[in-house]
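Undergrad: Below is the file structure.txt, with compact mmCIF, C-alpha atoms.
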```
# COMPACT_ATOMS: atom_id res chain seq x y z
CA MET A 269 107.89 96.69 109.99
CA LEU A 270 105.90 93.49 109.48
CA ALA A 271 108.40 91.62 111.64
CA ARG A 272 107.90 94.14 114.47
CA LYS A 273 104.14 93.70 114.27
CA GLY A 274 104.43 89.93 114.53
CA LEU A 275 103.07 89.25 111.05
CA LEU A 276 106.35 87.75 109.88
CA PRO A 277 108.97 85.77 111.79
CA ASP A 278 112.07 87.63 112.89
CA GLY A 279 114.30 85.61 110.60
CA PHE A 280 112.35 86.56 107.49
CA LEU A 281 114.34 89.67 106.71
CA LEU A 282 117.64 87.98 107.49
CA THR A 283 116.72 85.12 105.19
CA ARG A 284 115.77 87.54 102.41
CA LEU A 285 119.09 89.36 102.79
CA ALA A 286 120.96 86.06 102.67
CA GLU A 287 118.91 85.04 99.64
CA ASP A 288 119.89 88.21 97.80
CA ALA A 289 123.55 87.61 98.63
CA THR A 290 123.64 83.97 97.51
CA GLN A 291 121.50 84.09 94.39
CA PRO A 292 122.98 85.42 91.14
CA SER A 293 122.20 89.00 90.36
CA HIS A 294 122.37 90.73 87.00
CA ILE A 295 121.64 94.23 88.21
CA ARG A 296 123.70 96.81 86.48
CA PRO A 297 125.94 98.65 88.94
CA LYS A 298 126.12 101.89 86.97
CA SER A 299 122.61 102.62 85.75
CA GLN A 300 119.33 101.11 86.81
CA ARG A 301 116.83 100.20 84.11
CA ALA A 302 113.62 102.23 84.18
CA ARG A 303 110.39 100.43 84.99
CA PHE A 304 106.72 101.37 84.82
CA ILE A 305 105.62 99.63 88.06
CA THR A 306 107.87 99.56 91.11
CA LYS A 307 108.23 96.54 93.36
CA SER A 308 105.85 98.14 95.86
CA GLY A 309 103.17 98.52 93.17
CA SER A 310 103.27 102.28 92.61
CA CYS A 311 103.30 103.78 89.12
CA ASN A 312 106.76 105.01 88.13
CA VAL A 313 105.65 107.60 85.58
CA ALA A 314 106.28 111.34 85.96
CA HIS A 315 103.68 113.65 84.37
CA LYS A 316 105.22 116.92 83.23
CA ASN A 317 104.11 120.07 81.40
CA ILE A 318 100.44 119.65 82.26
CA ARG A 319 98.86 122.89 81.10
CA GLU A 320 95.27 122.28 82.18
CA GLN A 321 95.82 122.25 85.93
CA GLY A 322 92.25 123.39 86.52
CA ARG A 323 90.94 119.90 85.76
CA PHE A 324 92.19 118.75 89.15
CA LEU A 325 90.06 121.40 90.88
CA GLN A 326 86.95 120.15 89.10
CA ASP A 327 87.27 116.94 91.11
CA VAL A 328 88.27 118.38 94.48
CA PHE A 329 87.33 115.34 96.55
CA THR A 330 89.52 112.92 94.57
CA THR A 331 92.34 115.46 94.62
CA MET A 332 92.08 115.70 98.41
CA VAL A 333 92.11 111.91 98.78
CA ASP A 334 95.17 111.59 96.53
CA LEU A 335 97.16 114.13 98.53
CA LYS A 336 99.65 113.09 101.16
CA TRP A 337 98.60 113.10 104.80
CA GLN A 338 100.65 116.17 105.74
CA HIS A 339 99.18 118.16 102.88
CA SER A 340 95.63 117.08 103.73
CA LEU A 341 96.01 117.99 107.39
CA LEU A 342 97.48 121.36 106.42
CA ILE A 343 94.51 122.09 104.17
CA PHE A 344 91.97 121.04 106.82
CA THR A 345 93.65 123.17 109.49
CA SER A 346 93.80 126.14 107.15
CA ALA A 347 90.13 125.71 106.24
CA PHE A 348 89.06 125.76 109.89
CA LEU A 349 91.26 128.73 110.78
CA CYS A 350 90.14 130.75 107.77
CA SER A 351 86.45 130.09 108.48
CA TRP A 352 86.86 131.03 112.15
CA MET A 353 88.71 134.23 111.26
CA LEU A 354 86.18 135.14 108.56
CA PHE A 355 83.15 134.80 110.82
CA ALA A 356 85.03 136.43 113.71
CA MET A 357 85.37 139.49 111.48
CA VAL A 358 81.66 139.31 110.63
CA TRP A 359 80.66 139.11 114.30
CA TRP A 360 82.99 142.00 115.18
CA LEU A 361 81.49 144.15 112.39
CA LEU A 362 77.95 143.37 113.62
CA ALA A 363 78.89 144.36 117.13
CA PHE A 364 80.62 147.52 115.87
CA ALA A 365 77.66 148.54 113.68
CA HIS A 366 75.21 147.97 116.53
CA GLY A 367 77.30 149.92 118.98
CA ASP A 368 78.08 147.02 121.27
CA LEU A 369 81.80 147.88 121.41
CA GLU A 370 81.28 151.32 122.96
CA PRO A 371 82.15 151.64 126.65
CA GLN A 372 79.08 151.50 128.89
CA ASP A 373 78.38 152.27 132.51
CA HIS A 374 77.79 149.03 134.36
CA ASN A 375 75.52 150.81 136.88
CA GLU A 376 73.03 151.85 134.20
CA PRO A 377 71.25 149.35 131.93
CA GLY A 378 72.23 149.85 128.28
CA PRO A 379 70.75 148.65 124.97
CA VAL A 380 70.51 144.92 124.32
CA PRO A 381 73.53 143.84 122.22
CA CYS A 382 73.37 141.56 119.19
CA VAL A 383 75.80 139.14 120.87
CA THR A 384 76.44 139.32 124.56
CA SER A 385 79.95 139.62 126.04
CA ILE A 386 81.67 140.75 122.81
CA HIS A 387 84.02 143.63 123.60
CA SER A 388 86.90 143.10 121.15
CA PHE A 389 88.03 141.10 118.16
CA THR A 390 89.44 138.41 120.47
CA SER A 391 86.04 137.85 122.08
CA ALA A 392 84.46 137.76 118.58
CA PHE A 393 86.99 135.12 117.51
CA LEU A 394 86.21 132.98 120.57
CA PHE A 395 82.48 133.28 119.85
CA SER A 396 83.09 132.19 116.21
CA ILE A 397 84.86 129.04 117.43
CA GLU A 398 82.05 128.29 119.90
CA VAL A 399 79.40 128.61 117.20
CA GLN A 400 81.13 126.50 114.54
CA VAL A 401 82.24 123.63 116.76
CA THR A 402 79.12 123.89 118.99
CA ILE A 403 81.07 124.21 122.24
CA GLY A 404 78.71 126.66 123.96
CA PHE A 405 80.47 127.79 127.14
CA GLY A 406 77.43 129.90 128.03
CA GLY A 407 79.14 133.29 128.33
CA ARG A 408 78.26 134.52 124.82
CA MET A 409 75.05 134.08 122.92
CA VAL A 410 73.00 135.63 120.10
CA THR A 411 70.01 137.71 121.14
CA GLU A 412 66.81 138.48 119.23
CA GLU A 413 67.83 142.10 118.88
CA CYS A 414 69.53 141.62 115.48
CA PRO A 415 67.87 139.40 112.82
CA LEU A 416 71.05 139.69 110.74
CA ALA A 417 73.02 138.02 113.53
CA ILE A 418 70.60 135.06 113.44
CA ILE A 419 71.16 134.70 109.69
CA VAL A 420 74.95 134.76 110.14
CA LEU A 421 74.61 132.11 112.87
CA ILE A 422 72.71 129.79 110.48
CA ILE A 423 75.22 130.31 107.66
CA GLN A 424 78.20 129.58 109.90
CA ASN A 425 76.59 126.39 111.24
CA ILE A 426 75.88 125.11 107.71
CA LEU A 427 79.39 125.95 106.51
CA GLY A 428 80.92 124.23 109.55
CA LEU A 429 78.92 121.06 108.87
CA ILE A 430 80.09 121.04 105.23
CA ILE A 431 83.75 121.37 106.25
CA ASN A 432 83.37 118.59 108.83
CA ALA A 433 81.67 116.29 106.32
CA ILE A 434 84.39 116.81 103.71
CA MET A 435 87.13 116.26 106.28
CA LEU A 436 85.59 113.06 107.66
CA GLY A 437 84.93 111.72 104.16
CA CYS A 438 88.51 112.34 103.05
CA VAL A 439 89.95 110.79 106.21
CA PHE A 440 87.74 107.70 105.82
CA MET A 441 88.62 107.25 102.15
CA LYS A 442 92.32 107.70 102.81
CA THR A 443 92.32 105.11 105.60
CA ALA A 444 90.11 102.64 103.67
CA GLN A 445 91.86 102.83 100.32
CA ALA A 446 92.20 99.60 98.37
CA ASN A 447 95.99 99.80 98.33
CA ARG A 448 96.08 99.55 102.13
CA ARG A 449 94.94 95.92 101.93
CA ALA A 450 97.64 95.31 99.35
CA GLU A 451 100.30 95.99 101.98
CA THR A 452 99.81 92.45 103.34
CA LEU A 453 99.92 90.81 99.90
CA ILE A 454 103.50 89.86 99.08
CA PHE A 455 105.16 88.78 95.86
CA SER A 456 108.46 87.01 95.46
CA ARG A 457 111.33 89.38 94.82
CA ASN A 458 112.45 87.36 91.79
CA ALA A 459 110.65 85.35 89.14
CA VAL A 460 112.09 82.11 87.79
CA VAL A 461 112.11 80.17 84.54
CA ALA A 462 112.26 76.42 85.05
CA PRO A 463 111.00 73.32 83.23
CA ARG A 464 107.58 72.05 84.24
CA ASN A 465 105.97 69.08 82.51
CA GLY A 466 108.64 69.20 79.84
CA ARG A 467 108.08 72.83 78.89
CA PRO A 468 109.92 76.01 80.04
CA THR A 469 107.67 77.87 82.46
CA PHE A 470 107.75 81.38 83.85
CA MET A 471 106.82 81.34 87.56
CA PHE A 472 106.56 83.65 90.57
CA ARG A 473 105.06 83.30 94.04
CA VAL A 474 102.29 85.32 95.69
CA GLY A 475 100.99 85.09 99.24
CA ASP A 476 98.56 86.73 101.66
CA LEU A 477 99.68 87.43 105.23
CA ARG A 478 96.18 87.95 106.62
CA LYS A 479 93.72 85.24 107.57
CA SER A 480 90.83 87.08 105.95
CA MET A 481 90.35 85.96 102.36
CA ILE A 482 90.41 87.85 99.09
CA ILE A 483 87.10 87.03 97.41
CA SER A 484 86.99 86.47 93.63
CA ALA A 485 90.73 86.94 93.33
CA THR A 486 92.03 87.15 89.78
CA ILE A 487 95.57 87.58 88.54
CA GLN A 488 96.65 89.10 85.26
CA LEU A 489 100.05 89.21 83.58
CA GLN A 490 101.15 91.68 80.94
CA VAL A 491 104.40 92.20 79.09
CA ILE A 492 105.43 95.76 78.30
CA ARG A 493 108.14 96.01 75.69
CA ARG A 494 109.44 98.36 73.03
CA THR A 495 108.55 97.26 69.50
CA VAL A 496 109.08 98.53 65.97
CA THR A 497 106.41 98.09 63.29
CA ALA A 498 107.02 97.08 59.68
CA GLU A 499 106.71 100.73 58.67
CA GLY A 500 109.48 101.71 61.06
CA GLU A 501 107.23 103.24 63.73
CA VAL A 502 108.64 102.85 67.23
CA ILE A 503 106.04 101.89 69.85
CA PRO A 504 107.64 102.52 73.25
CA VAL A 505 104.84 100.85 75.22
CA CYS A 506 103.38 97.70 73.66
CA GLN A 507 101.20 95.73 76.09
CA LEU A 508 100.73 92.00 75.55
CA ASP A 509 98.63 89.74 77.75
CA ILE A 510 100.11 86.53 79.15
CA GLN A 511 97.87 83.54 79.76
CA VAL A 512 98.15 82.17 83.28
CA GLU A 513 98.41 78.39 83.47
CA ASN A 514 94.95 77.28 84.55
CA PRO A 515 93.00 74.21 83.39
CA LEU A 516 89.78 76.24 83.41
CA ARG A 517 91.24 78.88 81.07
CA SER A 518 90.50 81.64 83.59
CA ASN A 519 92.64 83.88 85.76
CA GLY A 520 90.79 83.14 89.00
CA ILE A 521 92.80 81.87 91.99
CA PHE A 522 91.95 80.74 95.52
CA LEU A 523 94.55 82.49 97.66
CA VAL A 524 94.18 80.40 100.81
CA SER A 525 97.95 79.84 100.91
CA PRO A 526 100.96 81.09 98.96
CA LEU A 527 100.68 80.04 95.32
CA ILE A 528 103.17 79.68 92.50
CA ILE A 529 101.64 81.35 89.47
CA SER A 530 102.99 79.84 86.27
CA HIS A 531 102.89 80.61 82.57
CA THR A 532 103.91 77.98 80.05
CA ILE A 533 106.20 79.43 77.38
CA ASP A 534 104.74 78.09 74.14
CA ARG A 535 104.24 79.41 70.61
CA GLY A 536 101.69 82.00 71.67
CA SER A 537 103.81 83.36 74.52
CA PRO A 538 105.66 86.70 74.24
CA LEU A 539 108.65 84.92 75.85
CA TYR A 540 108.82 82.23 73.17
CA GLU A 541 112.08 83.50 71.65
CA VAL A 542 113.76 84.52 74.93
CA SER A 543 116.79 82.48 75.97
CA ALA A 544 119.11 82.66 78.96
CA GLN A 545 121.64 84.74 77.01
CA SER A 546 119.15 87.12 75.40
CA LEU A 547 117.20 87.66 78.62
CA ALA A 548 119.74 90.15 79.97
CA THR A 549 119.47 92.32 76.85
CA GLU A 550 115.69 92.16 76.48
CA ASP A 551 113.86 95.46 76.90
CA LEU A 552 110.72 94.17 78.58
CA GLU A 553 108.87 94.30 81.87
CA ILE A 554 106.38 91.72 83.14
CA ILE A 555 103.62 93.35 85.20
CA VAL A 556 101.55 91.33 87.67
CA ILE A 557 98.10 92.62 88.71
CA LEU A 558 96.15 90.90 91.47
CA GLU A 559 92.54 92.04 91.96
CA GLY A 560 89.84 90.93 94.35
CA VAL A 561 87.30 91.96 96.97
CA VAL A 562 88.32 92.34 100.61
CA GLU A 563 86.29 89.91 102.68
CA THR A 564 85.95 92.15 105.76
CA THR A 565 85.09 95.46 104.07
CA GLY A 566 83.76 94.48 100.62
CA ILE A 567 86.07 97.01 98.94
CA THR A 568 87.71 96.10 95.65
CA MET A 569 91.48 96.04 96.00
CA GLN A 570 94.41 95.73 93.63
CA ALA A 571 98.01 94.74 94.25
CA ARG A 572 100.71 95.22 91.64
CA THR A 573 104.35 94.40 91.06
CA SER A 574 106.67 93.90 88.11
CA TYR A 575 109.69 91.89 87.06
CA THR A 576 112.47 93.20 84.87
CA PRO A 577 114.97 90.90 83.08
CA GLU A 578 117.45 91.40 85.95
CA GLU A 579 114.89 89.95 88.36
CA ILE A 580 114.13 86.81 86.32
CA LEU A 581 116.32 83.85 87.31
CA TRP A 582 116.90 81.24 84.62
CA GLY A 583 117.10 77.59 85.63
CA ARG A 584 115.83 77.91 89.19
CA ARG A 585 112.60 76.95 90.97
CA PHE A 586 110.97 77.86 94.26
CA VAL A 587 111.35 75.66 97.31
CA SER A 588 108.36 74.22 99.13
CA ILE A 589 107.20 76.23 102.14
CA MET A 590 104.10 74.26 103.15
CA THR A 591 104.10 71.46 105.71
CA GLU A 592 101.37 69.58 107.54
CA GLU A 593 101.50 69.87 111.33
CA ASP A 594 98.91 68.69 113.86
CA GLY A 595 96.15 68.26 111.29
CA ARG A 596 96.59 71.64 109.60
CA TYR A 597 98.88 73.21 107.05
CA SER A 598 101.76 75.42 108.16
CA ILE A 599 103.44 78.06 105.99
CA ASP A 600 107.08 79.02 106.54
CA TYR A 601 107.38 82.56 105.20
CA SER A 602 111.11 82.64 105.89
CA LYS A 603 111.56 80.58 102.70
CA PHE A 604 109.01 82.51 100.67
CA GLY A 605 111.47 83.70 98.00
CA ASN A 606 114.10 80.98 98.25
CA THR A 607 115.01 79.16 95.05
CA VAL A 608 117.17 76.19 94.12
CA PRO A 609 118.96 75.50 90.81
CA VAL A 610 117.57 72.94 88.39
CA ARG A 611 118.96 71.41 85.22
CA MET A 612 117.68 73.39 82.29
CA PRO A 613 119.18 74.21 78.87
CA ALA A 614 119.94 77.85 78.10
CA LEU A 615 117.99 77.64 74.83
CA SER A 616 114.74 79.46 74.21
CA ALA A 617 111.46 77.64 73.85
CA LYS A 618 111.58 78.19 70.09
CA GLU A 619 115.05 76.68 69.86
CA LEU A 620 113.96 73.74 72.00
CA ASP A 621 111.04 73.09 69.66
CA HIS A 622 113.40 73.09 66.66
CA THR A 623 115.77 70.66 68.36
CA ARG A 624 112.83 68.36 69.08
CA GLY A 625 111.82 68.38 65.43
CA VAL A 626 108.91 70.79 65.61
CA GLN A 627 108.74 72.76 62.37
CA ASP A 628 107.08 76.12 61.94
CA SER A 629 105.04 74.82 58.99
CA GLY A 630 103.68 71.87 60.92
CA PRO A 631 100.03 70.90 60.61
CA HIS A 632 99.20 72.12 64.11
CA GLU A 633 101.04 75.41 64.18
CA GLY A 634 99.67 77.89 66.66
CA LYS A 635 96.76 75.68 67.69
CA PRO A 636 96.11 75.02 71.36
CA GLN A 637 95.97 71.56 72.79
CA GLY A 638 92.57 70.04 73.33
CA TRP A 639 91.47 70.14 76.93
CA GLY A 640 87.70 70.25 76.85
CA LEU A 641 85.18 67.77 78.17
CA VAL A 642 83.57 65.30 75.78
CA ARG A 643 80.04 64.11 76.29
CA ALA A 644 79.37 60.64 74.97
CA GLY A 645 75.76 60.30 73.84
CA ARG A 646 73.38 60.52 76.78
CA GLY A 647 75.91 59.33 79.28
CA GLY A 648 78.28 61.26 81.51
CA TYR A 649 81.27 63.41 80.70
CA ARG A 650 84.85 62.38 80.26
CA ARG A 651 87.96 64.40 79.57
CA GLY A 652 89.47 64.44 76.11
CA GLY A 653 92.80 62.88 75.24
CA GLY A 654 94.67 66.17 74.93
CA ARG A 655 95.19 65.95 71.17
CA ALA A 656 95.88 69.02 69.13
CA CYS A 657 93.00 70.67 67.35
CA ASP A 658 92.68 69.62 63.73
CA ASP A 659 92.51 71.86 60.68
CA MET A 660 88.75 71.77 60.42
CA ALA A 661 86.77 74.99 60.37
CA ALA A 662 85.79 76.57 63.64
CA LYS A 663 82.74 75.01 65.23
CA PRO A 664 80.48 76.20 68.03
CA TRP A 665 81.05 74.89 71.53
CA TYR A 666 77.94 72.72 71.27
CA VAL A 667 77.17 70.45 68.30
CA PRO A 668 73.93 68.43 68.37
CA ALA A 669 74.32 64.69 68.34
CA GLU A 670 74.02 63.02 64.99
CA LYS A 671 73.42 59.31 64.93
CA GLU A 672 73.81 57.12 61.93
CA GLU A 673 72.29 53.72 62.45
CA GLU A 674 72.33 50.79 60.13
CA LYS A 675 70.77 47.44 60.07
CA LYS A 676 71.23 44.90 62.75
CA GLY A 677 74.52 43.10 62.65
CA GLN A 678 76.38 46.00 61.00
CA LYS A 679 78.52 48.77 62.42
CA LYS A 680 76.97 51.90 63.91
CA THR A 681 78.79 55.26 64.08
CA VAL A 682 77.87 57.74 66.84
CA LYS A 683 79.09 61.34 66.70
CA LEU A 684 79.69 62.72 70.14
CA GLU A 685 78.40 66.03 71.38
CA GLU A 686 81.28 68.48 71.56
CA ILE A 687 82.03 70.73 74.53
CA GLY A 688 85.33 72.57 74.18
CA ARG A 689 87.59 72.02 71.21
CA GLU A 690 87.55 68.26 70.55
CA THR A 691 85.43 66.07 68.30
CA GLU A 692 85.67 62.38 68.97
CA GLU A 693 84.14 59.49 67.10
CA GLU A 694 83.55 56.09 68.52
CA THR A 695 82.76 53.01 66.53
CA MET A 696 80.56 50.42 68.18
CA GLU A 697 79.59 47.03 66.78
CA ASP A 698 76.30 45.48 67.77
CA MET A 699 76.46 41.85 68.62
CA SER A 700 73.83 39.73 66.95
CA ASP A 701 71.75 37.42 69.06
```
Would it be possible to restate this file's structure as structure tokens?
TA:
Amino acid sequence: MLARKGLLPDGFLLTRLAEDATQPSHIRPKSQRARFITKSGSCNVAHKNIREQGRFLQDVFTTMVDLKWQHSLLIFTSAFLCSWMLFAMVWWLLAFAHGDLEPQDHNEPGPVPCVTSIHSFTSAFLFSIEVQVTIGFGGRMVTEECPLAIIVLIIQNILGLIINAIMLGCVFMKTAQANRRAETLIFSRNAVVAPRNGRPTFMFRVGDLRKSMIISATIQLQVIRRTVTAEGEVIPVCQLDIQVENPLRSNGIFLVSPLIISHTIDRGSPLYEVSAQSLATEDLEIIVILEGVVETTGITMQARTSYTPEEILWGRRFVSIMTEEDGRYSIDYSKFGNTVPVRMPALSAKELDHTRGVQDSGPHEGKPQGWGLVRAGRGGYRRGGGRACDDMAAKPWYVPAEKEEEKKGQKKTVKLEEIGRETEEETMEDMSD
């Protein structure tokens, strides 16, 4: 559909089909593994045996918005027809009670009717439609003979406005839903695990087909897996957050072009013990949630997808799709999900750490690497050396400077102000005159 609208090149679908045929697939032919979030982002959970169905009627507007288009249109049409028929019966009863339906001699003037030109139920039904939709053909009108008819006219007008307002509100909300903007946000069909900077890294690609930006875009990763506690309790849904690789330790992204979102598999990662062989038997699902504000409408949107073990390719990485042409960057979406093989051992990150000599009882177990900025005295800032945090007690992010000065000609030790996780000491020697 996107190719027909010109949003994607014609060869995109052919390339994706060829990609699926050439790349290894571990999908089970007999039974497909259940997943919580489908590739399109919808929730794959069936709610059964709900006894309190009346709760949905307490929030009628949300229920109407959540319905499918055919069901909503059927309800709106039924509401209009029922209201027209109801007030047609009321107008016919008024005319019958006032005697307007009795045959009259056209040569002699008769009594003034409540509503002119109503002779049957059909004419009453046509008058009901004219009143509610304010057509006003001019053949039928309410006279001042019957005050009750004026009251019915006011009630029908108010009820017609309420029905119109609800219908327009539901149609607007259904067309402006946040998931509509997510239709032009695409994720790679497969995720990959490849080495990056000497560490195994979980990666996938996300892109935006529209030129309008997603403001304050954030991305979140979660692992859903089945776990068993020490007491033997089975937890079918255990949600664990995954830290996205970002030097600022935040999940914010600038989605101006397709990005490769990465997660370094380290000691604190839920994928730390996953290897190429055990990946196929793992009962887990990695859910990706992209949130942001639509630039054109200001509505908060959310796009979702998930990756099962069959959709995670071990030892492959994404190809580059960005080139520079005529002073601007060009994106080739026909290679959006293409991957190439790379040399990577089939061992898990934990096994790789053991082969490299990293012991579980090491002095820096489970401690993140230092990445903060260090402020030296009153001068500027400089980035720390990336050393592991020591075993000292936790300190606040800001430690006042403490200077220890000695006499002239001796050494002077200056403690630096700490921003982040590092504490650095510099030793300076004053030169005597």
Undergrad: As a list of chain:residue names, please: the residues near Arg535 (chain A) (cut-off 8 Å, all atoms listed in the file, same-chain neighbours under 2 positions excluded).
TA: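 Contacts, in chain order: A:Ile533, A:Ser537, A:Tyr540, A:Lys618, A:Gly634.
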Undergrad: Work out how far CA of Thr469 (chain A) is from CA of Asp534 (chain A), in Å to one decimal.
TA: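 It comes out at 8.8 Å.
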Undergrad: Between CA of Ala302 (chain A) and CA of Ala459 (chain A), measure the distance and give it in Å to one decimal.
TA: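 These atoms are spaced 17.8 Å apart.
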Undergrad: Looking at A:Leu362, A:Gln507, A:Gly406, A:Phe324, which one is nearest to His387 (chain A), with distances taken over all atoms listed in the file?
TA: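 With all atoms listed in the file as the atom set, the closest residue is A:Leu362.
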Undergrad: If you measure from CA of Thr623 (chain A) to CA of Ser530 (chain A), what distance in Å do you get, rounded to one decimal?
TA: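 Calculated distance between CA of Thr623 (chain A) and CA of Ser530 (chain A) is 23.8 Å.
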Undergrad: Which residue, A:Pro415, A:Gly404, A:Gly475, A:Gly428, has the smallest gap to Ser351 (chain A) when you use only C-alpha atoms?
TA: A:Gly428
Undergrad: A:Lys442, A:Gln424, A:Phe604, A:Thr497: which is nearest Asp476 (chain A), counting only C-alpha atoms?
TA: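 Closest to Asp476 (chain A) of all the choices is A:Phe604.
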Undergrad: With distances taken over all atoms listed in the file, which residue among A:Ile431, A:Ala417, A:Leu369, A:Ile483 lies nearest Phe348 (chain A)?
TA: A:Ile431
Undergrad: Find, counting all atoms listed in the file, the residue in A:Ala548, A:Ile599, A:Ile386, A:Ile554 that gets nearest to Leu508 (chain A).
TA: A:Ile554
Undergrad: Can you tell me, as number ranges by chain, which residues sit within 12 Å of (107.7, 104.0, 88.4) in the file's frame, using all atoms listed in the file?
TA: A: 301-315, 553, 555, 572-574
Undergrad: Hey, which of A:Glu320, A:Phe393, A:Phe405, A:Cys414 ends up closest to Val380 (chain A)? Count all atoms listed in the file.
TA: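 Result for the nearest residue to Val380 (chain A): A:Cys414.
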Undergrad: Using all atoms listed in the file, give me every residue within 6 Å of (99.2, 90.6, 81.8) in file coordinates, as a PyMOL selection string.
TA: chain A and resi 488-490+509-510
